[in-house]
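Chemist: Dropping a structure here in C-alpha cells format, bear with me for questions.
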Amino acid sequence: MGCTDSAYLEYNGSANTDDGSCATLVVEGCTDSAYLEYNGSANTDDGSCATLWSKAARTQPTLNTMRSANVDDGSCPLAW
C-alpha cells in the first residue's frame with residue numbers, strides 16, 4: 001500500500017496498491033537559496049543550481065564597479 005504515482009513526493013516504488021496517499025506533486029528546480037537559479041516553488045532539486053548569489057555591490061559600469069557582483073544591491077551612483 002502506498003502512493004503509486006511517481007509524479008508525487010510520496011511515491012513509494014515498493015507499493016503495488018494505491019492507498020490515496022499521493023498529496024504533493026513533484027516540482028523540480030534549484031532548491032538552494034544561495035544560488036541565482038533558486039526556485040522557491042521547487043521541492044525536488046534537479047541539479048540546476050549553477051551561479052552562487054553574490055551580495056557584492058555595484059554591478060553597473062561605473063568607477064565603483066565590483067566585477068564579481070551578479071546582483072545589483074542599488075548602491076551604485078546614478079550614471080552621468
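Identifiers in the C-alpha cells: chain A, B, ... in order shown; residue index from 1 per chain; ligand index from 1 in order shown.
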Can you tell me, as a list in words, what residues are no more than 10 Å from Thr4 of chain A when counting only C-alpha atoms, ignoring any on the same chain fewer than 5 positions away?
Modeler: Glu10, Tyr11, Asn12, Gly13, Ser14, Ala15, Asn16, Thr17, Asp18, Asp19, Gly20, Ser21 and Cys22 of chain A
Chemist: Please compute the atom CA of Asp32 of chain A-atom CA of Leu9 of chain A distance, one decimal, in Å.
Modeler: 18.0 Å
Chemist: Measuring between only C-alpha atoms, which one of A:Cys49, A:Tyr38, A:Asn43, A:Thr31 shows the shortest distance to Ala7 of chain A?
Modeler: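 Looking at the shortest contact to Ala7 of chain A, the residue is A:Asn43.
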Chemist: Write out as a PDB file with N, CA and C atoms, in the first residue's frame which residues come within 9 Å of Cys30 of chain A when counting only C-alpha atoms, dropping same-chain ones fewer than 3 positions away.
Modeler:
```pdb
ATOM      1  N   SER A  33      18.829  28.322  -1.857  1.00  0.00           N
ATOM      2  CA  SER A  33      18.646  29.771  -1.961  1.00  0.00           C
ATOM      3  C   SER A  33      19.954  30.538  -2.097  1.00  0.00           C
ATOM      4  N   TYR A  35      21.831  30.252  -4.555  1.00  0.00           N
ATOM      5  CA  TYR A  35      22.074  30.324  -5.997  1.00  0.00           C
ATOM      6  C   TYR A  35      21.046  31.206  -6.690  1.00  0.00           C
ATOM      7  N   LEU A  36      21.484  31.888  -7.768  1.00  0.00           N
ATOM      8  CA  LEU A  36      20.588  32.748  -8.543  1.00  0.00           C
ATOM      9  C   LEU A  36      19.438  31.964  -9.152  1.00  0.00           C
ATOM     10  N   GLU A  37      19.652  30.707  -9.450  1.00  0.00           N
ATOM     11  CA  GLU A  37      18.634  29.881 -10.083  1.00  0.00           C
ATOM     12  C   GLU A  37      17.577  29.352  -9.108  1.00  0.00           C
ATOM     13  N   TYR A  38      17.692  29.725  -7.844  1.00  0.00           N
ATOM     14  CA  TYR A  38      16.784  29.241  -6.793  1.00  0.00           C
ATOM     15  C   TYR A  38      15.324  29.396  -7.208  1.00  0.00           C
ATOM     16  N   ASN A  39      14.559  28.343  -6.990  1.00  0.00           N
ATOM     17  CA  ASN A  39      13.129  28.347  -7.287  1.00  0.00           C
ATOM     18  C   ASN A  39      12.400  28.031  -5.983  1.00  0.00           C
ATOM     19  N   GLY A  40      11.782  29.023  -5.400  1.00  0.00           N
ATOM     20  CA  GLY A  40      11.085  28.851  -4.131  1.00  0.00           C
ATOM     21  C   GLY A  40       9.918  27.889  -4.193  1.00  0.00           C
ATOM     22  N   ALA A  42      10.108  25.035  -5.943  1.00  0.00           N
ATOM     23  CA  ALA A  42      10.652  23.686  -6.148  1.00  0.00           C
ATOM     24  C   ALA A  42      10.723  22.925  -4.823  1.00  0.00           C
ATOM     25  N   ASN A  43      10.431  21.621  -4.900  1.00  0.00           N
ATOM     26  CA  ASN A  43      10.555  20.772  -3.721  1.00  0.00           C
ATOM     27  C   ASN A  43      11.471  19.578  -3.987  1.00  0.00           C
ATOM     28  N   THR A  44      12.031  19.532  -5.199  1.00  0.00           N
ATOM     29  CA  THR A  44      12.956  18.475  -5.588  1.00  0.00           C
ATOM     30  C   THR A  44      14.096  19.100  -6.375  1.00  0.00           C
ATOM     31  N   ASP A  45      15.322  18.989  -5.873  1.00  0.00           N
ATOM     32  CA  ASP A  45      16.460  19.589  -6.561  1.00  0.00           C
ATOM     33  C   ASP A  45      16.772  18.813  -7.833  1.00  0.00           C
ATOM     34  N   ASP A  46      16.899  19.560  -8.945  1.00  0.00           N
ATOM     35  CA  ASP A  46      17.178  18.925 -10.236  1.00  0.00           C
ATOM     36  C   ASP A  46      18.600  19.170 -10.733  1.00  0.00           C
ATOM     37  N   GLY A  47      19.450  19.732  -9.873  1.00  0.00           N
ATOM     38  CA  GLY A  47      20.835  19.974 -10.244  1.00  0.00           C
ATOM     39  C   GLY A  47      21.042  21.231 -11.067  1.00  0.00           C
ATOM     40  N   SER A  48      20.037  22.107 -11.135  1.00  0.00           N
ATOM     41  CA  SER A  48      20.146  23.304 -11.969  1.00  0.00           C
ATOM     42  C   SER A  48      20.818  24.479 -11.264  1.00  0.00           C
ATOM     43  N   CYS A  49      21.190  24.336  -9.995  1.00  0.00           N
ATOM     44  CA  CYS A  49      21.902  25.402  -9.281  1.00  0.00           C
ATOM     45  C   CYS A  49      23.289  25.545  -9.907  1.00  0.00           C
ATOM     46  N   ALA A  50      23.596  26.732 -10.416  1.00  0.00           N
ATOM     47  CA  ALA A  50      24.868  26.906 -11.109  1.00  0.00           C
ATOM     48  C   ALA A  50      25.639  28.142 -10.667  1.00  0.00           C
TER      49      ALA A  50
END
```
